[in-house]
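Shown next: data_15.cif, given as mmCIF, C-alpha atoms.
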data_upload
loop_
_atom_site.group_PDB
_atom_site.id
_atom_site.type_symbol
_atom_site.label_atom_id
_atom_site.label_comp_id
_atom_site.auth_asym_id
_atom_site.auth_seq_id
_atom_site.Cartn_x
_atom_site.Cartn_y
_atom_site.Cartn_z
ATOM 1 C CA PRO A 1 0.000 0.000 0.000
ATOM 2 C CA LYS A 2 2.800 2.450 0.829
ATOM 3 C CA MET A 3 4.423 1.839 -2.555
ATOM 4 C CA HIS A 4 1.034 2.327 -4.217
ATOM 5 C CA TYR A 5 0.467 5.716 -2.563
ATOM 6 C CA ARG A 6 4.034 6.749 -3.270
ATOM 7 C CA ARG A 7 3.620 5.854 -6.939
ATOM 8 C CA ARG A 8 0.322 7.753 -7.136
ATOM 9 C CA LEU A 9 1.977 10.784 -5.547
ATOM 10 C CA LEU A 10 4.841 10.685 -8.037
ATOM 11 C CA GLU A 11 2.408 10.341 -10.942
ATOM 12 C CA MET A 12 0.404 13.286 -9.642
ATOM 13 C CA VAL A 13 3.491 15.490 -9.251
ATOM 14 C CA ALA A 14 4.726 14.482 -12.713
ATOM 15 C CA GLY A 15 1.570 16.001 -14.175
ATOM 16 C CA TRP A 16 2.255 19.438 -12.692
ATOM 17 C CA ASP A 17 3.939 22.285 -14.541
ATOM 18 C CA THR A 18 7.691 22.673 -13.973
ATOM 19 C CA ALA A 19 7.470 25.781 -11.791
ATOM 20 C CA THR A 20 5.045 24.103 -9.388
ATOM 21 C CA ARG A 21 7.205 20.947 -9.178
ATOM 22 C CA VAL A 22 10.289 23.031 -8.376
ATOM 23 C CA ALA A 23 8.450 25.068 -5.744
ATOM 24 C CA PHE A 24 7.010 21.909 -4.198
ATOM 25 C CA GLY A 25 10.495 20.394 -4.027
ATOM 26 C CA ILE A 26 11.832 23.490 -2.266
ATOM 27 C CA GLY A 27 8.900 23.307 0.142
ATOM 28 C CA LEU A 28 9.781 19.700 0.982
ATOM 29 C CA VAL A 29 13.389 20.702 1.670
ATOM 30 C CA VAL A 30 12.237 23.507 3.987
ATOM 31 C CA LEU A 31 9.893 21.084 5.768
ATOM 32 C CA ALA A 32 12.746 18.600 6.287
ATOM 33 C CA LEU A 33 14.955 21.384 7.666
ATOM 34 C CA MET A 34 12.228 22.450 10.104
ATOM 35 C CA PHE A 35 11.894 18.872 11.333
ATOM 36 C CA GLY A 36 15.653 18.801 11.813
ATOM 37 C CA VAL A 37 15.578 22.012 13.806
ATOM 38 C CA PHE A 38 12.716 20.676 15.929
ATOM 39 C CA GLN A 39 14.558 17.479 16.716
ATOM 40 C CA PHE A 40 18.118 18.730 17.173
ATOM 41 C CA GLY A 41 17.854 22.499 17.717
ATOM 42 C CA GLY A 42 17.229 22.540 21.418
ATOM 43 C CA ASP A 43 14.300 23.763 23.495
ATOM 44 C CA ASP A 44 14.587 27.397 22.429
ATOM 45 C CA LEU A 45 14.058 26.514 18.766
ATOM 46 C CA ARG A 46 11.214 24.032 19.189
ATOM 47 C CA LEU A 47 8.399 26.599 19.039
ATOM 48 C CA PRO A 48 9.806 28.413 15.965
ATOM 49 C CA ALA A 49 10.335 24.991 14.367
ATOM 50 C CA ILE A 50 6.699 24.006 15.021
ATOM 51 C CA VAL A 51 5.546 27.269 13.431
ATOM 52 C CA GLY A 52 7.855 26.618 10.477
ATOM 53 C CA ILE A 53 6.574 23.057 10.062
ATOM 54 C CA SER A 54 2.951 24.200 10.158
ATOM 55 C CA THR A 55 3.628 26.963 7.631
ATOM 56 C CA ALA A 56 5.522 24.615 5.307
ATOM 57 C CA LEU A 57 2.682 22.075 5.406
ATOM 58 C CA LEU A 58 0.130 24.776 4.560
ATOM 59 C CA VAL A 59 2.288 26.019 1.685
ATOM 60 C CA LEU A 60 2.764 22.470 0.362
ATOM 61 C CA GLN A 61 -0.980 21.881 0.522
ATOM 62 C CA GLY A 62 -1.566 25.077 -1.428
ATOM 63 C CA MET A 63 0.999 24.044 -4.034
ATOM 64 C CA ALA A 64 -0.662 20.643 -4.397
ATOM 65 C CA LEU A 65 -4.049 22.283 -4.933
ATOM 66 C CA TRP A 66 -2.517 24.628 -7.513
ATOM 67 C CA GLY A 67 -0.678 21.803 -9.273
ATOM 68 C CA ASN A 68 -3.909 19.810 -9.500
ATOM 69 C CA ARG A 69 -5.988 22.767 -10.699
ATOM 70 C CA TRP A 70 -6.555 21.062 -14.070
ATOM 71 C CA MET A 71 -7.489 17.685 -12.643
ATOM 72 C CA VAL A 72 -11.225 18.307 -12.864
ATOM 73 C CA THR A 73 -11.334 19.729 -16.392
ATOM 74 C CA PRO A 74 -13.160 17.785 -19.135
ATOM 75 C CA PHE A 75 -9.844 17.335 -20.952
ATOM 76 C CA THR A 76 -8.194 15.694 -17.943
ATOM 77 C CA GLN A 77 -11.206 13.458 -17.389
ATOM 78 C CA ALA A 78 -11.071 12.417 -21.043
ATOM 79 C CA GLN A 79 -7.342 11.713 -20.695
ATOM 80 C CA ARG A 80 -8.009 9.441 -17.728
ATOM 81 C CA TYR A 81 -10.611 7.471 -19.658
ATOM 82 C CA TYR A 82 -8.277 7.269 -22.657
ATOM 83 C CA ARG A 83 -5.394 5.907 -20.587
ATOM 84 C CA ALA A 84 -7.764 3.404 -18.967
ATOM 85 C CA GLY A 85 -8.865 2.205 -22.415
ATOM 86 C CA ASP A 86 -12.431 3.477 -21.994
ATOM 87 C CA PHE A 87 -12.472 5.263 -25.338
ATOM 88 C CA GLU A 88 -16.262 5.612 -25.562
ATOM 89 C CA LYS A 89 -16.388 7.741 -22.399
ATOM 90 C CA SER A 90 -13.420 9.769 -23.584
ATOM 91 C CA VAL A 91 -15.148 10.485 -26.904
ATOM 92 C CA ALA A 92 -18.409 11.422 -25.165
ATOM 93 C CA ILE A 93 -16.615 14.144 -23.213
ATOM 94 C CA LEU A 94 -14.481 15.388 -26.085
ATOM 95 C CA GLU A 95 -17.261 15.492 -28.681
ATOM 96 C CA GLU A 96 -19.147 17.899 -26.452
ATOM 97 C CA ARG A 97 -16.046 20.066 -26.138
ATOM 98 C CA ALA A 98 -15.341 19.928 -29.891
ATOM 99 C CA THR A 99 -18.401 22.080 -30.632
ATOM 100 C CA ALA A 100 -17.518 24.724 -28.024
ATOM 101 C CA GLU A 101 -16.141 28.078 -29.151
ATOM 102 C CA ASP A 102 -13.231 27.808 -26.713
ATOM 103 C CA VAL A 103 -12.194 24.281 -27.742
ATOM 104 C CA GLU A 104 -8.418 23.891 -27.612
ATOM 105 C CA VAL A 105 -6.015 21.977 -29.834
ATOM 106 C CA PRO A 106 -5.079 19.372 -27.170
ATOM 107 C CA GLU A 107 -8.777 18.485 -26.876
ATOM 108 C CA LEU A 108 -9.159 18.102 -30.648
ATOM 109 C CA THR A 109 -5.953 16.081 -30.823
ATOM 110 C CA LEU A 110 -7.072 13.712 -28.091
ATOM 111 C CA LEU A 111 -10.469 13.362 -29.776
ATOM 112 C CA GLY A 112 -8.804 12.485 -33.076
ATOM 113 C CA ASN A 113 -6.524 9.967 -31.371
ATOM 114 C CA THR A 114 -9.491 8.443 -29.554
ATOM 115 C CA TYR A 115 -11.435 8.068 -32.796
ATOM 116 C CA ARG A 116 -8.407 6.203 -34.165
ATOM 117 C CA GLN A 117 -8.392 3.873 -31.176
ATOM 118 C CA LEU A 118 -12.051 3.138 -31.876
ATOM 119 C CA GLY A 119 -11.233 2.378 -35.522
ATOM 120 C CA ASP A 120 -13.135 5.413 -36.892
ATOM 121 C CA LEU A 121 -10.338 6.602 -39.146
ATOM 122 C CA SER A 122 -12.453 9.001 -41.193
ATOM 123 C CA LYS A 123 -13.441 11.046 -38.142
ATOM 124 C CA SER A 124 -9.930 10.784 -36.766
ATOM 125 C CA GLU A 125 -8.415 12.172 -39.958
ATOM 126 C CA GLY A 126 -10.901 15.049 -40.085
ATOM 127 C CA VAL A 127 -10.462 16.150 -36.476
ATOM 128 C CA LEU A 128 -6.668 15.851 -36.502
ATOM 129 C CA SER A 129 -6.443 17.721 -39.795
ATOM 130 C CA LYS A 130 -8.406 20.556 -38.170
ATOM 131 C CA ALA A 131 -6.084 20.506 -35.151
ATOM 132 C CA VAL A 132 -3.029 20.740 -37.425
ATOM 133 C CA ASP A 133 -4.561 23.693 -39.282
ATOM 134 C CA ILE A 134 -5.296 25.524 -36.026
ATOM 135 C CA SER A 135 -1.866 24.866 -34.524
ATOM 136 C CA PRO A 136 0.647 24.276 -37.349
ATOM 137 C CA ASP A 137 3.642 24.734 -35.042
ATOM 138 C CA SER A 138 2.628 22.013 -32.576
ATOM 139 C CA TYR A 139 4.076 18.533 -33.020
ATOM 140 C CA PHE A 140 1.386 16.668 -31.074
ATOM 141 C CA PRO A 141 -1.500 16.959 -33.576
ATOM 142 C CA ARG A 142 0.887 16.287 -36.465
ATOM 143 C CA TYR A 143 2.060 13.112 -34.789
ATOM 144 C CA GLY A 144 -1.512 11.939 -34.244
ATOM 145 C CA PHE A 145 -2.351 12.866 -37.835
ATOM 146 C CA GLY A 146 0.620 10.819 -39.046
ATOM 147 C CA ARG A 147 -0.456 7.778 -37.043
ATOM 148 C CA THR A 148 -3.969 8.020 -38.476
ATOM 149 C CA LEU A 149 -2.684 8.333 -42.050
ATOM 150 C CA LEU A 150 -0.496 5.296 -41.394
ATOM 151 C CA ALA A 151 -3.518 3.321 -40.157
ATOM 152 C CA ILE A 152 -5.496 4.331 -43.239
ATOM 153 C CA GLY A 153 -2.703 3.120 -45.499
ATOM 154 C CA ASP A 154 -1.619 6.567 -46.736
ATOM 155 C CA TYR A 155 2.031 5.818 -46.096
ATOM 156 C CA ASP A 156 3.515 8.743 -48.012
ATOM 157 C CA GLY A 157 1.209 11.134 -46.151
ATOM 158 C CA ALA A 158 2.212 9.515 -42.865
ATOM 159 C CA VAL A 159 5.906 10.003 -43.684
ATOM 160 C CA THR A 160 5.334 13.705 -44.366
ATOM 161 C CA ALA A 161 3.318 14.236 -41.178
ATOM 162 C CA LEU A 162 5.767 12.364 -38.947
ATOM 163 C CA GLU A 163 8.756 14.168 -40.452
ATOM 164 C CA SER A 164 6.994 17.458 -39.723
ATOM 165 C CA ALA A 165 6.301 16.358 -36.133
ATOM 166 C CA LEU A 166 9.986 15.577 -35.601
ATOM 167 C CA ALA A 167 10.973 18.911 -37.141
ATOM 168 C CA LEU A 168 8.746 20.509 -34.480
ATOM 169 C CA ASP A 169 10.669 18.719 -31.690
ATOM 170 C CA ALA A 170 8.545 15.607 -31.227
ATOM 171 C CA PRO A 171 10.203 13.019 -28.924
ATOM 172 C CA THR A 172 13.038 11.112 -30.562
ATOM 173 C CA ALA A 173 11.138 7.830 -30.113
ATOM 174 C CA VAL A 174 8.791 9.026 -32.883
ATOM 175 C CA ARG A 175 11.594 8.089 -35.290
ATOM 176 C CA VAL A 176 10.449 4.487 -34.867
ATOM 177 C CA ASP A 177 7.009 5.505 -36.162
ATOM 178 C CA LEU A 178 8.658 7.359 -39.039
ATOM 179 C CA ALA A 179 10.860 4.359 -39.816
ATOM 180 C CA GLU A 180 7.771 2.164 -39.950
ATOM 181 C CA ALA A 181 5.996 4.624 -42.271
ATOM 182 C CA LEU A 182 9.067 4.733 -44.539
ATOM 183 C CA TYR A 183 9.157 0.936 -44.593
ATOM 184 C CA ARG A 184 5.469 0.725 -45.506
ATOM 185 C CA ALA A 185 6.005 3.378 -48.196
ATOM 186 C CA GLY A 186 8.775 1.277 -49.762
ATOM 187 C CA GLN A 187 11.535 3.728 -48.815
ATOM 188 C CA HIS A 188 13.637 0.989 -47.248
ATOM 189 C CA GLU A 189 16.946 2.783 -47.684
ATOM 190 C CA ALA A 190 15.809 5.535 -45.306
ATOM 191 C CA VAL A 191 14.684 3.152 -42.533
ATOM 192 C CA SER A 192 18.110 2.368 -41.078
ATOM 193 C CA GLU A 193 18.944 6.076 -41.103
ATOM 194 C CA GLN A 194 16.039 6.747 -38.736
ATOM 195 C CA LEU A 195 16.685 3.703 -36.549
ATOM 196 C CA ALA A 196 20.251 4.859 -35.945
ATOM 197 C CA LEU A 197 18.843 7.936 -34.188
ATOM 198 C CA VAL A 198 16.383 6.058 -31.955
ATOM 199 C CA PRO A 199 17.005 6.267 -28.173
ATOM 200 C CA ASP A 200 17.295 3.366 -25.756
ATOM 201 C CA ASN A 201 14.573 2.309 -23.297
ATOM 202 C CA LEU A 202 11.737 2.312 -25.791
ATOM 203 C CA GLU A 203 8.227 1.179 -24.938
ATOM 204 C CA PRO A 204 7.749 -2.546 -25.712
ATOM 205 C CA GLN A 205 5.648 -1.952 -28.840
ATOM 206 C CA ARG A 206 8.178 0.473 -30.290
ATOM 207 C CA GLU A 207 11.097 -1.780 -29.365
ATOM 208 C CA VAL A 208 9.428 -4.711 -31.138
ATOM 209 C CA MET A 209 8.854 -2.596 -34.247
ATOM 210 C CA ARG A 210 12.401 -1.215 -34.103
ATOM 211 C CA ALA A 211 13.805 -4.733 -33.798
ATOM 212 C CA TYR A 212 11.639 -6.006 -36.655
ATOM 213 C CA LEU A 213 12.739 -3.203 -38.960
ATOM 214 C CA ALA A 214 16.385 -3.741 -37.939
ATOM 215 C CA GLY A 215 16.226 -7.520 -38.417
ATOM 216 C CA GLU A 216 16.749 -8.272 -34.731
ATOM 217 C CA VAL A 217 14.969 -10.278 -32.033
ATOM 218 C CA PRO A 218 14.117 -8.459 -28.774
ATOM 219 C CA PRO A 219 14.064 -10.204 -25.364
ATOM 220 C CA VAL A 220 11.130 -12.592 -24.873
ATOM 221 C CA ASP A 221 9.297 -10.430 -22.310
ATOM 222 C CA ILE A 222 9.469 -7.361 -24.542
ATOM 223 C CA LEU A 223 8.491 -9.438 -27.570
ATOM 224 C CA GLU A 224 5.377 -10.776 -25.845
ATOM 225 C CA ALA A 225 4.247 -7.357 -24.597
ATOM 226 C CA GLY A 226 4.957 -5.707 -27.931
ATOM 227 C CA LEU A 227 3.224 -8.379 -29.998
ATOM 228 C CA LEU A 228 0.113 -8.018 -27.841
ATOM 229 C CA TYR A 229 -0.056 -4.334 -28.744
ATOM 230 C CA TRP A 230 0.499 -4.959 -32.470
ATOM 231 C CA THR A 231 -2.038 -7.784 -32.515
ATOM 232 C CA GLU A 232 -4.675 -5.495 -31.030
ATOM 233 C CA THR A 233 -3.730 -2.812 -33.551
ATOM 234 C CA ALA A 234 -4.000 -5.249 -36.452
ATOM 235 C CA ARG A 235 -7.466 -6.289 -35.288
ATOM 236 C CA ARG A 236 -8.549 -2.668 -34.956
ATOM 237 C CA PHE A 237 -7.499 -1.819 -38.510
ATOM 238 C CA GLU A 238 -8.030 -5.190 -40.158
ATOM 239 C CA ASP A 239 -10.120 -3.617 -42.945
ATOM 240 C CA THR A 240 -7.278 -1.337 -44.061
ATOM 241 C CA PRO A 241 -4.076 -2.111 -46.012
ATOM 242 C CA TYR A 242 -2.152 -1.259 -42.868
ATOM 243 C CA GLY A 243 -4.018 -3.820 -40.786
ATOM 244 C CA ALA A 244 -3.368 -6.502 -43.401
ATOM 245 C CA ALA A 245 0.328 -5.605 -43.490
ATOM 246 C CA LEU A 246 0.527 -5.796 -39.702
ATOM 247 C CA TRP A 247 -0.988 -9.286 -39.686
ATOM 248 C CA ASP A 248 1.695 -10.395 -42.150
ATOM 249 C CA ASP A 249 4.383 -8.881 -39.927
ATOM 250 C CA ILE A 250 2.976 -10.490 -36.786
ATOM 251 C CA HIS A 251 2.866 -13.939 -38.346
ATOM 252 C CA GLU A 252 6.435 -13.479 -39.537
ATOM 253 C CA LYS A 253 7.587 -12.335 -36.099
ATOM 254 C CA GLU A 254 5.890 -15.236 -34.339
ATOM 255 C CA ALA A 255 7.282 -17.802 -36.777
ATOM 256 C CA LYS A 256 10.841 -16.541 -36.837
ATOM 257 C CA SER A 257 11.064 -15.817 -33.123
ATOM 258 C CA LYS A 258 10.659 -19.530 -32.414
ATOM 259 C CA GLY A 259 14.250 -20.622 -32.511
ATOM 260 C CA ALA A 260 15.409 -18.137 -35.162
ATOM 261 C CA GLU A 261 18.108 -15.614 -34.489
ATOM 262 C CA SER A 262 16.634 -12.828 -36.609
ATOM 263 C CA TRP A 263 13.549 -11.746 -38.490
ATOM 264 C CA SER A 264 15.522 -10.767 -41.555
#

Here is the file; what I need is its structure written in the form of structure tokens.
Amino acid sequence: PKMHYRRRLLEMVAGWDTATRVAFGIGLVVLALMFGVFQFGGDDLRLPAIVGISTALLVLQGMALWGNRWMVTPFTQAQRYYRAGDFEKSVAILEERATAEDVEVPELTLLGNTYRQLGDLSKSEGVLSKAVDISPDSYFPRYGFGRTLLAIGDYDGAVTALESALALDAPTAVRVDLAEALYRAGQHEAVSEQLALVPDNLEPQREVMRAYLAGEVPPVDILEAGLLYWTETARRFEDTPYGAALWDDIHEKEAKSKGAESWS
């Protein structure tokens, strides 16, 4: 239970803006110092230390409330449902927001990504295209747009969108997605160029795809977790050229991973 609460606390703090995290960290240091003064500072310093501890706790509580100020917004609720895999509830919230005059690009992007998870690629493409038009300098909607184009089977369009996302400072791990799009588009000579720039410690699904494109075999635990993701993706898009291509890849991975040293 203690580890659970500690993990939840760390996840909560990770969602705060940088300034609030830094201030909260300083507050914790001050609180620790006040406890030290209370314990080792002698009788004369106990009362000031108690006042300091009480003040630090109040300040920390205020910082926590400020850091969590977005936790009750529709967008955050939709994010929670999305991460939990409850895409229908996420869409229900976001569709209502999509018609509002003050709708924001992150909301449209999440809606487009959620439509993709539900297999509604037409709606996903439309919403993400709108998000890209509204915020052309943001990598997040372009990345989502690229993933949707990839799922549709528009591989050249996916390459363009993912290259644009990377040019706008998308995370380096997106190069795996770009390498996959290049591979699907038949631009095999450019695949290894992208893989050479991929960071370590990838998510299992990206590591499996990276290994497949590089002709390698990942560790068994990563292979199993990654194949589960790609199998679900292939089922979701089984009526598209991309889904069919994924099924071919999955069968090849499963066959060659049984005693083979590579997928090449």

How far is it from atom CA of A:Leu150 to atom CA of A:Leu178, in Å with one decimal?
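Taking atom CA of A:Leu150 and atom CA of A:Leu178, their separation equals 9.7 Å.
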
Find the residues near A:Ala181: any atom within 7 Å, counting all atoms listed in the file, skip ones fewer than 2 places away on the same chain, and give them as an NGL selection string.
:A and (150 or 155 or 158-159 or 177-179 or 183-185)

Can you measure atom CA of A:Ala167 to atom CA of A:Val198 for me? One decimal in Å is fine.
14.9 Å

Which residues are near A:Phe140? Cut-off 9 Å, all atoms listed in the file, ignore same chain within fewer than 6 positions. Put them as an MDAnalysis selection string.
chainID A and resid 106 109 132 165 168 170

Selection: 12 Å around A:Tyr81, all atoms listed in the file, excl. self and same-chain fewer than 2 positions, as a VMD selection string:
chain A and resid 74 to 79 83 to 94 110 to 111 114

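Closest approach to A:Ser164 from the set A:Thr99, A:Gln117, A:Ser138, A:Ser122 is made by A:Ser138, with distances taken over all atoms listed in the file.
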
Selection near stretch 231-238 of chain A, 9 Å with all atoms listed in the file, sequence-local residues under 4 positions removed, as a ChimeraX atom specification
/A:116-119,121,151-152,226-227,242-247,250

Same residues, C-alpha atoms, saved as a short mmCIF file (atom, residue, chain, number, x, y, z; two decimals), in the coordinates of the input:
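The resulting selection.cif:
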data_model
loop_
_atom_site.label_atom_id
_atom_site.label_comp_id
_atom_site.auth_asym_id
_atom_site.auth_seq_id
_atom_site.Cartn_x
_atom_site.Cartn_y
_atom_site.Cartn_z
CA ARG A 116 -8.41 6.20 -34.16
CA GLN A 117 -8.39 3.87 -31.18
CA LEU A 118 -12.05 3.14 -31.88
CA GLY A 119 -11.23 2.38 -35.52
CA LEU A 121 -10.34 6.60 -39.15
CA ALA A 151 -3.52 3.32 -40.16
CA ILE A 152 -5.50 4.33 -43.24
CA GLY A 226 4.96 -5.71 -27.93
CA LEU A 227 3.22 -8.38 -30.00
CA TYR A 242 -2.15 -1.26 -42.87
CA GLY A 243 -4.02 -3.82 -40.79
CA ALA A 244 -3.37 -6.50 -43.40
CA ALA A 245 0.33 -5.60 -43.49
CA LEU A 246 0.53 -5.80 -39.70
CA TRP A 247 -0.99 -9.29 -39.69
CA ILE A 250 2.98 -10.49 -36.79
#

Evaluated on this file, the PyMOL selection byres ((chain A and resi 175) around 9) picks out some residues - which ones are they, written as a VMD selection string?
chain A and resid 162 to 163 166 171 to 174 176 to 180 194 to 195 197 to 198

Please enumerate the residues selected by the PyMOL selection byres ((chain A and resi 57-69) around 7) when evaluated against the supplied file, formatted as a list in words.
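When the PyMOL selection byres ((chain A and resi 57-69) around 7) is applied, the selected residues are Trp16, Thr20, Phe24, Gly27, Ile53, Ser54, Thr55, Ala56, Trp70 and Met71 of chain A.
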
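Distance-wise, atom CA of A:Gly157 and atom CA of A:Pro241 end up 14.3 Å apart.
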
Give me the residues near A:Ala214 as a compact mmCIF listing (two decimals) with C-alpha atoms, keeping the file's coordinate frame, where near means some atom within 8 Å (using all atoms listed in the file) and where sequence neighbours in that chain fewer than 3 positions away do not count.
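Output file around28.txt is given in full below:
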# COMPACT_ATOMS: atom_id res chain seq x y z
CA SER A 192 18.11 2.37 -41.08
CA LEU A 195 16.68 3.70 -36.55
CA ARG A 210 12.40 -1.22 -34.10
CA ALA A 211 13.80 -4.73 -33.80
CA SER A 264 15.52 -10.77 -41.56

Which of these residues is nearest to A:Met209, using all atoms listed in the file: A:Asp169, A:Asp239, A:Asp249, A:Asp156?
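Answer, going by the shortest atom-to-atom distance: A:Asp249.
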
With the file shown as input, list the residues that the PyMOL selection byres ((chain A and resi 37) around 12) selects, as a ChimeraX atom specification.
/A:30-36,38-53
